[in-house]
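To be precise, the following lines are final06.cif, and they hold mmCIF, C-alpha atoms.
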data_work
#
loop_
_atom_site.label_atom_id
_atom_site.label_comp_id
_atom_site.auth_asym_id
_atom_site.auth_seq_id
_atom_site.Cartn_x
_atom_site.Cartn_y
_atom_site.Cartn_z
CA MET A 1 -4.85 68.35 34.79
CA HIS A 2 -7.74 69.99 36.67
CA ILE A 3 -7.39 73.42 38.28
CA PRO A 4 -10.35 74.05 40.62
CA PRO A 5 -11.86 77.55 40.59
CA PHE A 6 -9.99 80.06 42.77
CA ASP A 7 -9.44 83.81 43.05
CA ASN A 8 -6.48 84.31 40.73
CA GLN A 9 -6.47 88.09 41.45
CA ASN A 10 -6.00 88.82 37.72
CA ALA A 11 -2.78 86.80 37.55
CA PRO A 12 -2.41 84.14 34.81
CA ILE A 13 -4.02 80.78 35.55
CA VAL A 14 -1.91 79.16 32.82
CA ASP A 15 1.27 81.20 32.45
CA ILE A 16 3.85 81.15 29.69
CA ASP A 17 5.82 77.91 29.27
CA ASP A 18 3.42 75.97 31.48
CA ALA A 19 4.73 72.50 32.33
CA HIS A 20 1.59 70.76 31.00
CA VAL A 21 0.51 72.96 28.07
CA PRO A 22 3.43 75.21 27.09
CA LEU A 23 1.78 76.23 23.80
CA THR A 24 -1.15 77.98 25.53
CA TYR A 25 -1.76 80.86 27.94
CA PHE A 26 -4.88 81.70 29.96
CA ASN A 27 -5.94 84.44 32.33
CA ILE A 28 -9.22 85.61 33.86
CA VAL A 29 -9.38 89.33 34.66
CA LYS A 30 -12.21 90.79 36.77
CA LEU A 31 -12.68 94.57 36.73
CA LYS A 32 -15.11 97.07 38.16
CA ALA A 33 -16.53 99.69 35.80
CA GLY A 34 -13.87 102.32 35.07
CA ALA A 35 -10.91 100.14 36.11
CA HIS A 36 -8.25 98.94 33.70
CA HIS A 37 -5.78 96.09 33.33
CA ASP A 38 -2.48 96.32 31.42
CA TYR A 39 -0.71 93.25 30.12
CA ARG A 40 1.92 92.05 27.67
CA VAL A 41 2.75 88.39 27.06
CA PRO A 42 6.23 87.80 25.58
CA GLY A 43 6.28 85.05 22.97
CA TYR A 44 2.47 84.60 22.88
CA GLU A 45 -0.28 86.08 20.72
CA THR A 46 -3.49 86.63 22.70
CA CYS A 47 -7.21 87.28 22.35
CA VAL A 48 -9.32 89.32 24.78
CA VAL A 49 -12.87 87.95 25.17
CA PRO A 50 -15.30 89.38 27.75
CA ALA A 51 -17.16 86.56 29.46
CA THR A 52 -19.56 89.20 30.76
CA GLY A 53 -19.68 92.97 30.50
CA THR A 54 -18.23 95.44 28.01
CA VAL A 55 -14.64 96.66 27.60
CA THR A 56 -12.47 98.85 25.42
CA VAL A 57 -9.13 97.38 24.31
CA GLU A 58 -6.18 99.58 23.32
CA THR A 59 -3.17 98.02 21.60
CA GLU A 60 -0.53 99.06 19.08
CA GLY A 61 -1.99 102.57 18.85
CA GLN A 62 -5.50 101.34 18.02
CA THR A 63 -8.64 101.52 20.12
CA PHE A 64 -11.33 98.85 19.88
CA ALA A 65 -14.36 100.26 21.68
CA GLU A 66 -17.31 98.54 23.32
CA ILE A 67 -16.23 94.92 22.98
CA GLY A 68 -18.69 92.47 24.50
CA ASN A 69 -22.42 92.73 25.11
CA ARG A 70 -23.24 89.99 27.61
CA GLY A 71 -25.00 90.55 30.90
CA ALA A 72 -25.49 87.97 33.61
CA ASP A 73 -23.47 85.08 32.17
CA VAL A 74 -21.99 83.53 29.00
CA TRP A 75 -25.46 82.47 27.82
CA ASP A 76 -26.64 86.11 27.83
CA GLY A 77 -25.56 87.32 24.38
CA GLU A 78 -22.88 86.61 21.79
CA PRO A 79 -19.10 86.66 22.31
CA GLU A 80 -16.76 89.27 20.86
CA GLY A 81 -12.99 89.61 21.04
CA VAL A 82 -9.83 91.51 20.17
CA TYR A 83 -6.71 89.87 18.76
CA VAL A 84 -3.53 91.20 20.40
CA PRO A 85 -0.27 90.40 18.57
CA THR A 86 2.76 88.71 20.13
CA ASP A 87 4.90 90.87 22.43
CA THR A 88 2.41 93.74 22.20
CA ALA A 89 1.21 95.78 25.17
CA ALA A 90 -2.56 96.02 25.67
CA ARG A 91 -4.87 97.89 28.04
CA ILE A 92 -8.33 96.57 28.90
CA THR A 93 -10.68 99.22 30.30
CA ALA A 94 -13.98 98.10 31.81
CA LEU A 95 -17.05 100.08 30.71
CA THR A 96 -19.19 97.95 33.04
CA ASN A 97 -18.35 95.43 35.72
CA THR A 98 -16.74 92.68 33.70
CA GLU A 99 -15.03 89.31 33.68
CA VAL A 100 -12.58 88.91 30.80
CA PHE A 101 -10.89 85.84 29.36
CA ILE A 102 -7.40 86.28 27.88
CA ALA A 103 -6.46 83.36 25.63
CA GLY A 104 -2.98 82.89 24.22
CA ALA A 105 -0.81 80.68 22.03
CA LYS A 106 2.95 80.60 21.57
CA PHE A 107 3.89 82.33 18.32
CA ALA A 108 7.13 84.07 17.36
CA GLU A 109 5.88 86.61 14.78
CA THR A 110 4.09 89.88 15.51
CA LEU A 111 1.01 90.42 13.34
CA LYS A 112 -1.68 93.15 13.37
CA PRO A 113 -4.47 93.59 15.94
CA PHE A 114 -8.14 93.39 14.99
CA ALA A 115 -11.58 93.04 16.56
CA VAL A 116 -14.05 90.21 16.09
CA ARG A 117 -17.65 91.38 16.37
CA LYS A 118 -20.64 89.15 17.01
CA ASP A 119 -21.67 89.10 13.34
CA GLU A 120 -18.19 87.81 12.38
CA LEU A 121 -18.27 84.57 14.38
CA ASP A 122 -17.92 81.14 12.74
CA LEU A 123 -20.94 79.18 14.00
CA VAL A 124 -21.40 75.40 13.98
CA GLN A 125 -24.15 73.26 15.45
CA TYR A 126 -23.95 69.48 15.27
CA GLY A 127 -24.92 66.26 16.96
CA SER A 128 -28.40 65.25 18.05
CA ASP A 129 -30.55 64.76 21.12
CA ASP A 130 -30.81 61.05 20.28
CA THR A 131 -27.04 60.55 20.41
CA LYS A 132 -26.68 62.80 23.49
CA THR A 133 -24.09 64.85 21.55
CA HIS A 134 -26.02 67.99 20.60
CA ARG A 135 -23.81 71.06 20.88
CA LYS A 136 -23.16 74.52 19.48
CA ILE A 137 -19.74 76.05 18.77
CA LYS A 138 -19.01 79.75 18.41
CA HIS A 139 -15.56 80.28 16.91
CA ILE A 140 -14.14 83.68 17.83
CA LEU A 141 -10.78 83.08 16.16
CA GLY A 142 -11.86 80.41 13.67
CA ALA A 143 -11.60 79.63 9.99
CA SER A 144 -12.63 83.08 8.75
CA HIS A 145 -9.66 84.69 10.52
CA HIS A 146 -7.11 82.05 9.56
CA ASP A 147 -4.85 84.38 7.56
CA ARG A 148 -4.68 87.01 10.32
CA VAL A 149 -3.61 84.79 13.25
CA GLY A 150 -0.51 82.69 13.94
CA ARG A 151 -1.26 79.53 15.98
CA LEU A 152 -4.20 80.51 18.19
CA LEU A 153 -7.72 79.07 17.97
CA VAL A 154 -10.38 80.45 20.36
CA SER A 155 -13.94 79.13 20.64
CA GLU A 156 -16.92 78.83 22.93
CA LEU A 157 -18.72 75.48 23.15
CA PHE A 158 -22.21 74.90 24.50
CA THR A 159 -24.12 71.73 25.18
CA VAL A 160 -27.57 72.06 23.63
CA GLY A 161 -30.26 71.07 26.10
CA ALA A 162 -29.67 69.88 29.63
CA GLY A 163 -27.01 67.20 30.02
CA GLY A 164 -25.10 65.30 27.36
CA TRP A 165 -21.66 64.69 25.94
CA SER A 166 -19.16 66.91 24.18
CA GLY A 167 -15.89 66.06 22.45
CA PHE A 168 -17.24 62.71 21.31
CA PRO A 169 -16.30 60.58 19.43
CA SER A 170 -13.17 60.80 21.55
CA HIS A 171 -10.21 62.37 19.79
CA LYS A 172 -6.71 63.57 20.53
CA HIS A 173 -4.20 66.03 19.08
CA ASP A 174 -0.94 65.60 20.95
CA THR A 175 1.50 64.61 18.18
CA ASP A 176 2.47 65.98 14.78
CA ARG A 177 2.43 62.89 12.55
CA ARG A 178 1.67 61.58 9.09
CA ASP A 179 0.59 58.19 7.77
CA ASP A 180 2.69 55.96 5.50
CA ALA A 181 1.46 57.85 2.44
CA GLY A 182 2.65 61.13 3.91
CA ASP A 183 -0.79 62.52 4.68
CA LEU A 184 -1.20 64.49 7.90
CA ILE A 185 -3.33 62.51 10.36
CA GLU A 186 -2.76 64.44 13.60
CA THR A 187 -1.31 67.73 14.83
CA ARG A 188 0.16 68.75 18.17
CA HIS A 189 -2.19 71.30 19.74
CA ASP A 190 -2.14 72.00 23.47
CA GLU A 191 -5.59 72.83 24.81
CA CYS A 192 -7.08 74.67 27.77
CA TYR A 193 -10.75 74.82 28.87
CA ASN A 194 -12.66 76.95 31.36
CA PHE A 195 -16.09 75.56 32.26
CA ARG A 196 -19.35 77.20 33.26
CA PHE A 197 -22.68 75.60 34.17
CA LYS A 198 -26.29 76.74 34.13
CA PRO A 199 -27.52 76.84 36.85
CA ASP A 200 -24.07 77.58 38.28
CA TYR A 201 -24.27 74.78 40.86
CA GLY A 202 -24.25 72.22 38.03
CA SER A 203 -21.24 70.06 37.32
CA GLY A 204 -19.85 67.46 34.96
CA LEU A 205 -17.01 65.14 34.11
CA GLN A 206 -13.84 65.56 32.06
CA MET A 207 -12.22 62.32 30.90
CA LEU A 208 -8.62 61.99 29.77
CA GLN A 209 -7.68 58.61 28.34
CA ARG A 210 -4.05 58.64 27.26
CA VAL A 211 -3.98 55.20 25.59
CA ASP A 212 -6.81 53.60 23.62
CA ASN A 213 -8.57 50.88 25.66
CA GLU A 214 -6.58 51.52 28.82
CA PRO A 215 -7.96 53.26 31.95
CA GLY A 216 -7.38 56.98 32.12
CA ASP A 217 -8.22 59.87 34.44
CA ALA A 218 -11.51 61.60 35.20
CA TYR A 219 -11.99 65.02 36.79
CA HIS A 220 -15.09 66.37 38.50
CA ILE A 221 -15.55 69.78 36.88
CA VAL A 222 -17.61 72.58 38.41
CA ASN A 223 -18.46 76.17 37.54
CA GLY A 224 -15.11 77.90 36.95
CA SER A 225 -12.98 74.76 36.58
CA THR A 226 -9.97 75.00 34.27
CA VAL A 227 -8.73 71.84 32.55
CA LEU A 228 -5.42 71.42 30.73
CA ILE A 229 -5.29 68.86 27.92
CA ASP A 230 -1.71 67.82 27.24
CA LYS A 231 -2.11 64.30 25.85
CA GLY A 232 -4.84 61.76 25.15
CA TYR A 233 -8.50 61.38 24.23
CA HIS A 234 -10.68 63.85 26.12
CA PRO A 235 -14.51 63.77 25.99
CA CYS A 236 -16.54 65.56 28.66
CA CYS A 237 -20.16 65.61 29.80
CA ALA A 238 -22.67 67.56 31.86
CA LEU A 239 -24.95 66.06 34.46
CA PRO A 240 -28.59 65.62 33.38
CA GLY A 241 -30.58 68.78 34.01
CA TYR A 242 -27.66 71.23 33.54
CA GLU A 243 -26.32 73.19 30.59
CA MET A 244 -22.55 73.29 30.10
CA TYR A 245 -20.25 75.85 28.46
CA TYR A 246 -16.54 75.83 27.98
CA PHE A 247 -14.14 78.48 26.73
CA THR A 248 -11.59 76.73 24.54
CA ILE A 249 -7.99 77.70 23.74
CA LEU A 250 -5.90 75.73 21.24
CA GLY A 251 -2.26 76.46 20.44
CA GLY A 252 -0.55 74.62 17.61
CA GLN A 253 3.09 73.59 17.63
CA ARG A 254 3.81 73.89 13.90
CA GLN A 255 0.55 75.10 12.34
CA ARG A 256 -2.74 76.71 13.24
CA SER A 257 -5.15 74.24 11.59
CA LEU A 258 -6.15 71.43 13.93
CA LYS A 259 -6.09 67.81 12.74
CA GLN A 260 -7.92 65.61 15.21
CA TYR A 261 -7.19 61.90 15.48
CA PHE A 262 -10.34 60.01 16.46
CA GLN A 263 -10.01 57.14 18.91
CA PRO A 264 -10.02 53.90 16.89
CA THR A 265 -12.30 52.10 19.36
CA HIS A 266 -15.07 54.67 18.83
CA ALA A 267 -14.33 55.79 15.27
CA GLU A 268 -17.45 54.15 13.83
CA GLN A 269 -19.52 56.66 15.83
CA LEU A 270 -18.42 59.35 13.37
CA HIS A 271 -21.13 57.97 11.09
CA THR A 272 -23.88 58.24 13.72
CA ILE A 273 -23.49 61.90 14.77
CA PRO A 274 -25.04 64.44 12.35
CA GLY A 275 -22.82 67.28 11.16
CA ILE A 276 -19.64 66.22 12.89
CA MET A 277 -17.42 66.68 9.83
CA ASP A 278 -18.67 70.27 9.54
CA MET A 279 -17.38 70.73 13.08
CA VAL A 280 -13.98 69.28 12.18
CA ALA A 281 -13.65 71.60 9.17
CA LYS A 282 -14.02 74.77 11.25
CA PHE A 283 -10.94 74.19 13.45
CA LYS A 284 -8.46 75.80 11.05
#
Once more with this new file: its structure as structure tokens, please.
Amino acid sequence: MHIPPFDNQNAPIVDIDDAHVPLTYFNIVKLKAGAHHDYRVPGYETCVVPATGTVTVETEGQTFAEIGNRGADVWDGEPEGVYVPTDTAARITALTNTEVFIAGAKFAETLKPFAVRKDELDLVQYGSDDTKTHRKIKHILGASHHDRVGRLLVSELFTVGAGGWSGFPSHKHDTDRRDDAGDLIETRHDECYNFRFKPDYGSGLQMLQRVDNEPGDAYHIVNGSTVLIDKGYHPCCALPGYEMYYFTILGGQRQRSLKQYFQPTHAEQLHTIPGIMDMVAKFK
């Protein structure tokens, strides 16, 4: 499902128990310097990530000061975030004019809050210019924070260079299932993206093919588009001449670690894209 950009007035874009992706939550909050936003999401753990600007986050009696260091856009500096436990009130106070992402995943337990600073990110770069798959991933809640988070994975993905594909070879993660030997081959993780382009009048394409070798859907994505991935294989691409970014939220049904199932038709491409297995290993 594609949600075109709109003024959400700080109300959730993907609310709790969404019909398409009930395991995830997403909000964009825009604040002027000195303003604040209070929120609490019952049944969902969340992560506050400034897209631009700097904020202070207060939750569970703790204060996490000066989170975020980016200026003009998401390419201008490194991401930072604050993990907010399930059913816990939080206040975001803007130190500068800011746009803030709030990512969430359904999780019943209440853990402890913590901050993720720019030197604590899990970084991966893979693919190549030759295969048109060169991209960089910055995991905010990634492998290094696995034991401190319930079901939520939060990352930022960048195409490297102008134009090219992401999420290829095509994969899906819509079913918890094992093979005949009992090994886990896929997990159910709902997913939500928010896209940005550089320059901001760039655009791209999000594919969603629900059955291998059968026609699927394609969405024209623009700066600020939100896409919900409920089921199927889902590569995306940027037009030549434009850089693409997408904020990624994954919420697992039974576990946090993501097990991707690569589309059989294109599985041989796993051997042509440098570093792709390093990418797979970081989603846990």
Exercise: residues within 8 Å of coordinate (-5.8, 80.4, 35.9), counting only C-alpha atoms, as a ChimeraX atom specification: /A:3,8,11-15,26-28,226
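With atom CA of Asp73 of chain A on one side and atom CA of Asp129 of chain A on the other, the separation reads 24.2 Å.
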The distance between atom CA of Asp200 of chain A and atom CA of Asp76 of chain A is 13.7 Å
What's the 7 Å shell around Ala65 of chain A, counting all atoms listed in the file, without same-chain residues fewer than 4 positions away, as a JSON list (two decimals) with C-alpha atoms, in the frame of the given file?
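Contents of result_18.json, as written:
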[["chain", "number", "residue", "atom", "x", "y", "z"],
["A", 55, "VAL", "CA", -14.64, 96.66, 27.60],
["A", 56, "THR", "CA", -12.47, 98.85, 25.42],
["A", 57, "VAL", "CA", -9.13, 97.38, 24.31]]
Using all atoms listed in the file, can you tell me which of A:Gly34, A:Gly202, A:Gly182, A:Gly224 comes closest to Ala51 of chain A? A:Gly224
